[in-house]
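As stored in run.tsv (TSV, C-alpha atoms and all ligand atoms):
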chain	number	residue	atom	x	y	z
N	2	MET	CA	72.12	-115.19	54.05
N	3	GLN	CA	69.82	-113.43	56.42
N	4	LEU	CA	71.31	-112.01	59.60
N	5	LYS	CA	69.37	-114.49	61.76
N	6	GLU	CA	70.65	-117.46	59.78
N	7	LYS	CA	74.23	-116.28	60.02
N	8	ILE	CA	73.85	-115.97	63.79
N	9	ASP	CA	72.34	-119.44	64.09
N	10	SER	CA	75.05	-121.09	62.05
N	11	LEU	CA	77.81	-119.41	64.08
N	12	LEU	CA	76.01	-120.36	67.30
N	13	ALA	CA	75.91	-123.99	66.21
N	14	GLU	CA	79.62	-123.81	65.40
N	15	ALA	CA	80.44	-122.26	68.80
N	16	ARG	CA	78.59	-125.06	70.59
N	17	GLU	CA	80.32	-127.81	68.68
N	18	ILE	CA	83.78	-126.51	68.10
N	19	ARG	CA	86.71	-128.38	69.72
N	20	LEU	CA	89.66	-126.07	70.04
N	21	GLN	CA	92.69	-128.30	70.72
N	22	THR	CA	95.49	-125.84	71.36
N	23	MET	CA	96.01	-122.34	72.71
N	24	GLU	CA	96.81	-121.26	69.14
N	25	ASP	CA	93.47	-122.68	67.85
N	26	ALA	CA	91.65	-120.80	70.62
N	27	GLU	CA	93.45	-117.55	69.78
N	28	ARG	CA	92.78	-117.88	66.06
N	29	TYR	CA	89.09	-118.51	66.74
N	30	ARG	CA	88.94	-115.54	69.14
N	31	ILE	CA	90.41	-113.20	66.55
N	32	ARG	CA	88.08	-114.50	63.83
N	33	LEU	CA	84.95	-114.04	65.94
N	34	LEU	CA	85.68	-111.42	68.58
N	35	GLY	CA	88.58	-109.46	67.05
N	36	ARG	CA	88.22	-105.82	66.04
N	37	LYS	CA	87.56	-106.86	62.45
N	38	GLY	CA	85.89	-110.12	63.51
N	39	GLU	CA	82.59	-111.58	62.46
N	40	LEU	CA	80.71	-110.48	65.56
N	41	ASN	CA	81.54	-106.86	64.94
N	42	ASP	CA	80.21	-107.19	61.38
N	43	LEU	CA	77.01	-108.73	62.73
N	44	PHE	CA	76.57	-105.93	65.25
N	45	GLU	CA	77.07	-103.41	62.41
N	46	GLU	CA	74.40	-105.17	60.37
N	47	PHE	CA	72.15	-105.25	63.46
N	48	LYS	CA	71.89	-101.44	63.28
N	49	THR	CA	69.85	-101.79	60.06
N	50	VAL	CA	67.39	-104.38	61.44
N	51	GLU	CA	63.79	-103.18	61.47
N	52	PRO	CA	62.53	-102.22	64.99
N	53	GLY	CA	60.06	-105.11	65.31
N	54	LEU	CA	62.86	-107.73	65.00
N	55	LYS	CA	65.47	-105.94	67.11
N	56	LYS	CA	64.59	-107.68	70.36
N	57	ASP	CA	64.87	-111.26	69.05
N	58	ILE	CA	67.95	-110.70	66.94
N	59	GLY	CA	69.60	-108.72	69.73
N	60	GLN	CA	69.10	-111.60	72.12
N	61	ALA	CA	70.43	-114.11	69.60
N	62	LEU	CA	73.52	-111.97	69.04
N	63	ASN	CA	74.27	-111.80	72.77
N	64	GLN	CA	73.74	-115.56	73.06
N	65	LEU	CA	76.24	-116.07	70.27
N	66	LYS	CA	78.81	-113.82	71.93
N	67	THR	CA	78.50	-115.72	75.22
N	68	ALA	CA	78.77	-119.10	73.47
N	69	VAL	CA	81.94	-117.99	71.66
N	70	GLN	CA	83.50	-116.73	74.89
N	71	GLU	CA	82.63	-120.00	76.64
N	72	ALA	CA	84.15	-122.09	73.87
N	73	ILE	CA	87.40	-120.12	74.13
N	74	GLN	CA	87.51	-120.34	77.92
N	75	LYS	CA	86.87	-124.08	77.83
N	76	ALA	CA	89.71	-124.56	75.38
N	77	LYS	CA	92.11	-122.49	77.53
N	78	ASP	CA	91.21	-124.35	80.72
N	79	GLY	CA	91.68	-127.67	78.97
N	80	CYS	CA	95.10	-126.67	77.60
N	81	LEU	CA	96.32	-125.43	80.98
N	82	GLN	CA	95.28	-128.64	82.64
N	83	LYS	CA	97.02	-130.66	79.97
N	84	GLU	CA	100.22	-128.64	80.49
N	85	SER	CA	100.22	-129.14	84.22
N	86	THR	CA	99.64	-132.90	84.01
N	87	GLN	CA	102.45	-133.06	81.47
N	88	ALA	CA	104.74	-131.09	83.81
N	89	ALA	CA	103.83	-133.32	86.73
N	90	SER	CA	104.58	-136.47	84.75
N	91	GLN	CA	108.03	-135.05	83.91
N	92	LEU	CA	108.85	-134.40	87.61
N	93	ASP	CA	111.73	-136.58	88.71
N	94	LEU	CA	111.43	-136.89	92.46
N	95	SER	CA	114.64	-138.87	92.72
N	96	ARG	CA	116.76	-136.02	91.32
N	97	PRO	CA	119.30	-134.65	93.87
N	98	VAL	CA	118.47	-131.24	95.34
N	99	ASP	CA	120.08	-128.32	93.48
N	100	GLU	CA	123.12	-127.58	95.63
N	101	ARG	CA	123.03	-123.91	94.68
N	102	ILE	CA	120.03	-123.37	96.92
N	103	GLY	CA	120.39	-120.13	98.90
N	104	HIS	CA	121.22	-119.81	102.56
N	105	ARG	CA	121.63	-117.08	105.16
N	106	HIS	CA	124.36	-114.49	104.75
N	107	PRO	CA	127.12	-114.89	107.39
N	108	LEU	CA	126.24	-111.49	108.88
N	109	SER	CA	122.60	-112.57	109.20
N	110	GLN	CA	123.73	-115.78	110.87
N	111	VAL	CA	125.78	-113.83	113.42
N	112	ARG	CA	122.95	-111.35	113.97
N	113	GLU	CA	120.46	-114.13	114.60
N	114	GLU	CA	122.85	-115.83	117.01
N	115	ILE	CA	123.16	-112.55	118.96
N	116	PHE	CA	119.35	-112.21	119.01
N	117	ARG	CA	119.11	-115.78	120.31
N	118	ILE	CA	121.68	-115.24	123.07
N	119	PHE	CA	120.13	-112.02	124.37
N	120	GLY	CA	116.60	-113.28	123.75
N	121	LYS	CA	117.22	-115.94	126.40
N	122	ILE	CA	117.70	-113.20	129.02
N	123	GLY	CA	114.69	-111.14	128.01
N	124	PHE	CA	115.95	-108.75	125.32
N	125	ASP	CA	113.57	-107.92	122.48
N	126	VAL	CA	114.49	-106.25	119.17
N	127	SER	CA	113.82	-102.63	118.16
N	128	ASP	CA	113.97	-100.98	114.78
N	129	GLY	CA	114.61	-97.43	113.63
N	130	PRO	CA	115.36	-95.44	110.46
N	131	GLU	CA	118.77	-95.34	108.75
N	132	ILE	CA	118.13	-91.76	107.65
N	133	GLU	CA	118.03	-89.89	110.94
N	134	ASP	CA	118.20	-86.40	112.34
N	135	ASP	CA	121.04	-84.91	114.34
N	136	TRP	CA	118.95	-84.95	117.51
N	137	HIS	CA	118.53	-88.74	117.67
N	138	VAL	CA	122.11	-89.52	116.55
N	139	PHE	CA	124.07	-86.85	118.44
N	140	THR	CA	122.27	-84.19	120.48
N	141	ALA	CA	120.08	-86.47	122.63
N	142	LEU	CA	123.15	-88.66	123.18
N	143	ASN	CA	125.03	-85.84	124.85
N	144	PHE	CA	127.43	-85.04	122.00
N	145	SER	CA	128.68	-81.46	122.34
N	146	ALA	CA	127.90	-79.05	119.51
N	147	ASP	CA	131.51	-79.16	118.28
N	148	HIS	CA	132.06	-82.90	118.65
N	149	PRO	CA	134.29	-84.21	115.83
N	150	ALA	CA	131.78	-87.01	114.97
N	151	ARG	CA	129.58	-84.25	113.52
N	152	ASP	CA	132.38	-83.46	111.10
N	153	MET	CA	131.61	-84.08	107.42
N	154	GLN	CA	134.74	-86.25	107.37
N	155	ASP	CA	133.02	-88.72	109.70
N	156	THR	CA	129.32	-88.38	108.96
N	157	PHE	CA	127.32	-88.39	105.73
N	158	PHE	CA	124.98	-85.40	105.90
N	159	ILE	CA	121.90	-85.12	103.72
N	160	GLU	CA	120.73	-81.69	104.87
N	161	ARG	CA	123.03	-79.60	106.98
N	162	SER	CA	122.59	-76.27	108.74
N	163	GLY	CA	124.22	-77.07	112.08
N	164	THR	CA	120.98	-77.67	114.03
N	165	PRO	CA	119.42	-80.75	115.69
N	166	GLN	CA	117.11	-80.93	112.64
N	167	ASP	CA	120.02	-81.77	110.31
N	168	VAL	CA	119.34	-84.92	108.28
N	169	LEU	CA	122.08	-87.57	108.07
N	170	LEU	CA	122.82	-91.28	107.74
N	171	ARG	CA	123.02	-92.70	111.26
N	172	THR	CA	126.58	-93.40	112.40
N	173	HIS	CA	125.45	-95.83	115.10
N	174	THR	CA	122.20	-97.46	116.20
N	175	SER	CA	122.28	-95.59	119.52
N	176	SER	CA	119.63	-93.47	117.78
N	177	VAL	CA	117.29	-96.45	118.10
N	178	GLN	CA	118.00	-96.55	121.84
N	179	ILE	CA	116.84	-92.93	122.05
N	180	ARG	CA	113.66	-93.82	120.17
N	181	SER	CA	113.03	-96.78	122.49
N	182	MET	CA	113.51	-94.69	125.63
N	183	MET	CA	111.16	-92.01	124.29
N	184	ASN	CA	108.43	-94.37	123.11
N	185	HIS	CA	108.37	-97.43	125.31
N	186	PRO	CA	107.31	-97.93	128.90
N	187	LEU	CA	109.99	-98.92	131.43
N	188	PRO	CA	111.70	-101.23	132.06
N	189	ILE	CA	113.38	-101.54	128.65
N	190	ARG	CA	115.54	-104.46	127.59
N	191	THR	CA	116.13	-104.26	123.88
N	192	LEU	CA	118.56	-104.86	121.03
N	193	CYS	CA	118.92	-102.24	118.28
N	194	PRO	CA	120.36	-103.88	115.15
N	195	GLY	CA	121.02	-102.28	111.80
N	196	ARG	CA	123.26	-100.79	109.17
N	197	VAL	CA	125.28	-97.71	110.08
N	198	TYR	CA	127.29	-95.35	107.90
N	199	ARG	CA	130.60	-93.59	108.37
N	200	ASN	CA	132.54	-91.51	105.92
N	201	GLU	CA	135.56	-93.80	105.59
N	202	VAL	CA	137.72	-94.70	102.63
N	203	VAL	CA	136.77	-98.28	101.72
N	204	SER	CA	139.57	-100.78	102.33
N	205	ALA	CA	140.04	-104.30	103.68
N	206	ARG	CA	139.77	-102.96	107.23
N	207	ALA	CA	137.21	-100.14	106.93
N	208	HIS	CA	133.98	-99.62	105.02
N	209	CYS	CA	131.58	-96.73	104.60
N	210	PHE	CA	128.85	-98.90	106.11
N	211	PHE	CA	128.76	-101.78	108.54
N	212	HIS	CA	126.31	-103.47	110.90
N	213	GLN	CA	125.86	-102.90	114.58
N	214	ILE	CA	123.79	-104.36	117.33
N	215	GLU	CA	123.44	-102.11	120.31
N	216	GLY	CA	121.81	-103.23	123.53
N	217	LEU	CA	120.00	-101.19	126.16
N	218	TYR	CA	118.70	-102.07	129.60
N	219	VAL	CA	116.92	-99.42	131.68
N	220	ASP	CA	115.26	-100.24	134.98
N	221	LYS	CA	115.48	-99.43	138.69
N	222	ASN	CA	118.84	-100.42	140.25
N	223	VAL	CA	120.69	-101.45	137.10
N	224	SER	CA	124.38	-101.55	138.02
N	225	PHE	CA	127.77	-101.88	136.36
N	226	ALA	CA	127.93	-105.41	137.80
N	227	ASP	CA	124.79	-106.24	135.76
N	228	LEU	CA	126.53	-104.90	132.66
N	229	HIS	CA	129.66	-106.96	133.35
N	230	ASP	CA	127.76	-110.19	133.97
N	231	THR	CA	125.51	-109.72	130.93
N	232	LEU	CA	128.54	-109.23	128.69
N	233	LEU	CA	130.39	-112.17	130.21
N	234	TYR	CA	127.33	-114.34	129.54
N	235	PHE	CA	127.23	-113.05	125.95
N	236	ALA	CA	130.96	-113.69	125.34
N	237	ARG	CA	130.73	-117.25	126.67
N	238	GLU	CA	127.63	-118.08	124.63
N	239	MET	CA	129.19	-116.61	121.51
N	240	PHE	CA	132.80	-117.79	121.75
N	241	GLY	CA	132.69	-120.73	124.15
N	242	ASN	CA	132.30	-121.40	127.84
N	243	ASP	CA	135.88	-120.72	128.90
N	244	THR	CA	136.11	-117.32	127.16
N	245	LYS	CA	137.77	-114.64	129.29
N	246	ILE	CA	136.77	-110.98	129.10
N	247	ARG	CA	138.27	-107.75	130.37
N	248	LEU	CA	136.81	-104.26	130.57
N	249	ARG	CA	139.07	-101.28	129.94
N	250	PRO	CA	138.06	-97.71	130.84
N	251	SER	CA	137.03	-95.73	127.77
N	252	TYR	CA	134.98	-92.71	126.78
N	253	PHE	CA	131.64	-92.23	125.00
N	254	PRO	CA	129.59	-89.02	125.35
N	255	PHE	CA	126.45	-91.02	126.19
N	256	THR	CA	127.77	-93.41	128.85
N	257	GLU	CA	129.42	-92.75	132.21
N	258	PRO	CA	131.45	-94.66	133.15
N	259	SER	CA	132.35	-96.11	129.75
N	260	ALA	CA	134.38	-99.18	128.90
N	261	GLU	CA	135.68	-101.22	126.06
N	262	MET	CA	135.40	-104.98	126.28
N	263	ASP	CA	138.13	-107.33	125.08
N	264	ILE	CA	138.03	-111.09	124.91
N	265	ALA	CA	141.07	-113.32	125.20
N	266	CYS	CA	142.22	-113.90	121.62
N	267	THR	CA	140.22	-116.68	120.01
N	268	ILE	CA	143.18	-117.78	117.90
N	269	CYS	CA	146.13	-117.93	120.29
N	270	ALA	CA	144.06	-118.16	123.51
N	271	GLY	CA	145.98	-115.24	124.98
N	272	LYS	CA	149.50	-116.32	124.05
N	273	GLY	CA	149.97	-113.63	121.39
N	274	CYS	CA	149.49	-113.72	117.58
N	275	THR	CA	148.98	-111.34	114.68
N	276	LEU	CA	145.20	-111.13	115.18
N	277	CYS	CA	145.63	-109.77	118.72
N	278	LYS	CA	148.81	-107.92	117.75
N	279	HIS	CA	150.63	-109.99	120.36
N	280	THR	CA	148.60	-108.55	123.23
N	281	GLY	CA	146.56	-111.71	123.82
N	282	TRP	CA	143.32	-109.66	123.72
N	283	VAL	CA	140.96	-108.49	120.97
N	284	GLU	CA	138.50	-105.64	121.36
N	285	ILE	CA	134.91	-106.58	120.64
N	286	LEU	CA	132.57	-103.89	121.90
N	287	GLY	CA	132.00	-100.53	123.60
N	288	CYS	CA	129.73	-100.20	126.60
N	289	GLY	CA	128.88	-98.23	129.72
N	290	MET	CA	126.21	-96.95	132.09
N	291	VAL	CA	123.72	-94.68	130.30
N	292	ASP	CA	124.66	-91.09	131.15
N	293	PRO	CA	121.99	-89.47	133.40
N	294	ALA	CA	121.83	-86.54	130.94
N	295	VAL	CA	120.74	-88.98	128.18
N	296	LEU	CA	118.02	-90.48	130.40
N	297	LYS	CA	116.81	-86.93	131.16
N	298	ASN	CA	116.77	-86.04	127.43
N	299	CYS	CA	114.38	-88.96	126.91
N	300	GLY	CA	112.10	-87.98	129.79
N	301	ILE	CA	113.37	-90.64	132.23
N	302	ASP	CA	114.15	-89.62	135.83
N	303	PRO	CA	117.83	-90.54	136.48
N	304	ASP	CA	117.22	-90.43	140.25
N	305	VAL	CA	114.84	-93.37	139.94
N	306	TYR	CA	116.18	-95.27	136.91
N	307	SER	CA	119.58	-96.31	135.65
N	308	GLY	CA	120.69	-98.31	132.65
N	309	PHE	CA	123.51	-99.85	130.69
N	310	ALA	CA	124.21	-99.90	126.99
N	311	PHE	CA	126.63	-101.62	124.67
N	312	GLY	CA	127.37	-101.62	120.96
N	313	VAL	CA	128.88	-104.49	119.01
N	314	GLY	CA	129.98	-104.62	115.37
N	315	VAL	CA	128.47	-107.62	113.58
N	316	GLU	CA	131.34	-107.76	111.04
N	317	ARG	CA	133.81	-107.72	113.93
N	318	ILE	CA	132.22	-110.78	115.56
N	319	ALA	CA	131.98	-112.52	112.18
N	320	ASN	CA	135.69	-111.81	111.60
N	321	LEU	CA	136.58	-113.40	114.90
N	322	LEU	CA	134.41	-116.44	114.28
N	323	TYR	CA	135.31	-117.01	110.64
N	324	ARG	CA	138.62	-115.12	110.29
N	325	VAL	CA	137.57	-113.08	107.30
N	326	ASN	CA	140.39	-110.69	106.61
N	327	ASP	CA	138.71	-108.35	104.13
N	328	LEU	CA	135.57	-106.47	105.22
N	329	ARG	CA	134.56	-105.83	101.62
N	330	LEU	CA	133.77	-109.52	101.11
N	331	PHE	CA	130.67	-109.17	103.29
N	332	SER	CA	128.95	-106.82	100.85
N	333	GLU	CA	130.21	-108.03	97.47
N	334	ASN	CA	127.86	-111.03	97.24
N	335	ASP	CA	130.50	-113.23	95.67
N	336	ARG	CA	129.11	-116.77	95.78
N	337	ARG	CA	132.57	-118.27	96.20
N	338	PHE	CA	132.80	-116.39	99.50
N	339	LEU	CA	129.19	-116.80	100.66
N	340	SER	CA	128.92	-120.52	99.97
N	341	GLN	CA	131.55	-121.21	102.64
N	342	PHE	CA	129.21	-120.38	105.50
R	401	LIG	N1	127.54	-96.16	119.83
R	401	LIG	C1	128.88	-96.63	120.06
R	401	LIG	C2	129.60	-96.72	118.72
R	401	LIG	O1	128.97	-96.72	117.70
R	401	LIG	C3	128.92	-97.97	120.72
R	401	LIG	C4	128.39	-97.93	122.13
R	401	LIG	C5	127.08	-98.22	122.36
R	401	LIG	C6	129.21	-97.62	123.16
R	401	LIG	C7	126.57	-98.19	123.63
R	401	LIG	C8	128.72	-97.57	124.44
R	401	LIG	C9	127.40	-97.87	124.67
R	401	LIG	O2	130.82	-96.78	118.66
So that I can check it, write out the structure of this file as structure tokens.
Ligand code: PHE
Amino acid sequence: MQLKEKIDSLLAEAREIRLQTMEDAERYRIRLLGRKGELNDLFEEFKTVEPGLKKDIGQALNQLKTAVQEAIQKAKDGCLQKESTQAASQLDLSRPVDERIGHRHPLSQVREEIFRIFGKIGFDVSDGPEIEDDWHVFTALNFSADHPARDMQDTFFIERSGTPQDVLLRTHTSSVQIRSMMNHPLPIRTLCPGRVYRNEVVSARAHCFFHQIEGLYVDKNVSFADLHDTLLYFAREMFGNDTKIRLRPSYFPFTEPSAEMDIACTICAGKGCTLCKHTGWVEILGCGMVDPAVLKNCGIDPDVYSGFAFGVGVERIANLLYRVNDLRLFSENDRRFLSQF
């Protein structure tokens, strides 16, 4: 058969062929367009065609190639459509929803509740890196050069030479407060949530990482009374309207004065139980007025501005709400635990 006739007969086939399945389409593709397929043979033969005929035969060959490709595409489209109508006809809309559908992790639920509570009084949310430098985690926050928190026993260092450039895993999200004060215009009212790391032996009561939400408010005339009332509002929203709080004097390098806040035990309501170790109170957060030296480190004039800060452990709040007695459960992703929330 002459080359032209072969092309014409294959062209007629391509225009008529009805490829029913994906397999038919694939077999046809390999036969015509495959590396050892008929089209390649025709193109080989085309090299020997005398110059006067090249134009016509060349055109016919290209037409054939397009027709073959179209036939294959049409078959594929048809098969896909058939599959999807089949799938749709098998859909049983009356089937009950799969009960294993996912839901928010308890720590995320607590975090979102804290965002909601502080959001109502104007706090936004700030973000910062978990891998930090010494300056943002310690130096800017007024930690002395020999402060024990800088000890390898407490902090995971990544690069260490004893300078503010040291690289480490943040031990608290106060580093995000520093970044906010350096980068944002005043006043600032923000929450700094995130994972923090401490070099602890993992047990039911301690973990080498946990989650914190720190809060920061810097403006003119911010007072300790503002701090107290903000925390009282938070405690009542979180644990119920009749929740009692107390502030005990404490110490943090970056706040002065500093305090620790307790709430009346949520289990025994102050009467004394094992959760509150028979004191009637459980500690829930650290707080204080931002030390003027910290404001100065961030370029804020402490004679004009003042601020308060607080830091709360998300696991701690979740423990109080849900009475989880082993911290490790929060990060093990055991469905038997998670599905209870
Ligand atoms: N950064 C402190 C901690 O991690 C918590 C804190 C924050 C205390 C803000 C006071 C003010 O323990």
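Between CA of Ala205 (chain N) and CA of Leu321 (chain N) lies a distance of 14.9 Å.
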Next on the checklist: At a cut-off of 8 Å around ligand LIG 401 (chain R), and using all atoms listed in the file, what residues come up? Please write them as a PyMOL selection string.
Outcome noted: chain N and resi 172-175+213+215-217+253+255-256+259-261+286-291+309-313
Item to check | Selection near region 108-120 of chain N, 12 Å with all atoms listed in the file, sequence-local residues under 5 positions removed, as a PyMOL selection string | outcome: chain N and resi 125-127+190-196+211-218+231-240+312-323+325+328+330-332+334+339+342
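For the point (76.0, -106.7, 61.2), the residues with at least one atom inside 12 Å, counting all atoms listed in the file, are N:Met2, N:Gln3, N:Leu4, N:Lys5, N:Lys7, N:Ile8, N:Lys37, N:Gly38, N:Glu39, N:Leu40, N:Asn41, N:Asp42, N:Leu43, N:Phe44, N:Glu45, N:Glu46, N:Phe47, N:Lys48, N:Thr49, N:Val50, N:Ile58, N:Gly59, N:Leu62.
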Excluding Met153 (chain N) and any residue of its chain fewer than 4 positions from it, enumerate the residues within 8 Å of it, using all atoms listed in the file, and give them as a CSV table (one decimal) with C-alpha atoms, keeping the file's coordinate frame.
chain,number,residue,atom,x,y,z
N,157,PHE,CA,127.3,-88.4,105.7
N,158,PHE,CA,125.0,-85.4,105.9
N,200,ASN,CA,132.5,-91.5,105.9
Checklist entry - Could you state the separation of CA of Ile285 (chain N) and CA of Arg249 (chain N) in Å, given to one decimal place? => result 11.5 Å
Checklist outcome for this item: What separates CA of Ile31 (chain N) and CA of Lys56 (chain N) is a distance of 26.7 Å
Next on the checklist: I'd like to know which of N:Gly271, N:Gly79, N:Gly123, N:Gly163 is closest to Thr22 (chain N), using only C-alpha atoms.
Outcome noted: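 Ranking N:Gly271, N:Gly79, N:Gly123, N:Gly163 by distance to Thr22 (chain N), first place goes to N:Gly79.
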Within-10 Å shell of (96.5, -126.2, 76.5) in input frame, all atoms listed in the file, as a JSON list (two decimals) with C-alpha atoms, in the frame of the given file:
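Wrote it out as point-v2.json, contents follow:
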[["chain", "number", "residue", "atom", "x", "y", "z"],
["N", 20, "LEU", "CA", 89.66, -126.07, 70.04],
["N", 21, "GLN", "CA", 92.69, -128.30, 70.72],
["N", 22, "THR", "CA", 95.49, -125.84, 71.36],
["N", 23, "MET", "CA", 96.01, -122.34, 72.71],
["N", 24, "GLU", "CA", 96.81, -121.26, 69.14],
["N", 25, "ASP", "CA", 93.47, -122.68, 67.85],
["N", 26, "ALA", "CA", 91.65, -120.80, 70.62],
["N", 75, "LYS", "CA", 86.87, -124.08, 77.83],
["N", 76, "ALA", "CA", 89.71, -124.56, 75.38],
["N", 77, "LYS", "CA", 92.11, -122.49, 77.53],
["N", 78, "ASP", "CA", 91.21, -124.35, 80.72],
["N", 79, "GLY", "CA", 91.68, -127.67, 78.97],
["N", 80, "CYS", "CA", 95.10, -126.67, 77.60],
["N", 81, "LEU", "CA", 96.32, -125.43, 80.98],
["N", 82, "GLN", "CA", 95.28, -128.64, 82.64],
["N", 83, "LYS", "CA", 97.02, -130.66, 79.97],
["N", 84, "GLU", "CA", 100.22, -128.64, 80.49],
["N", 85, "SER", "CA", 100.22, -129.14, 84.22]]
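Close contacts of Ser176 (chain N), defined as residues with an atom at most 9 Å away when counting only C-alpha atoms, with chain neighbours fewer than 4 positions off set aside, comprise Gly129, Pro130, Glu133, Trp136, His137, Val138, Phe139, Ala141, Leu142, Arg171, Thr172, Arg180, Ser181 and Cys193 of chain N.
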Next on the checklist: Taking only C-alpha atoms into account, name the residue in N:Ala265, N:Cys299, N:Glu17, N:Arg32 that is nearest to Val283 (chain N).
Outcome noted: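 Looking only at the distances to Val283 (chain N), the closest residue turns out to be N:Ala265.
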Checklist entry - Using all atoms listed in the file, which residues sit within 8 Å of region 12-16 of chain N once same-chain residues fewer than 6 positions away are excluded, as JSON, numbers by chain? => result {"N": [64, 65, 68, 69, 72]}
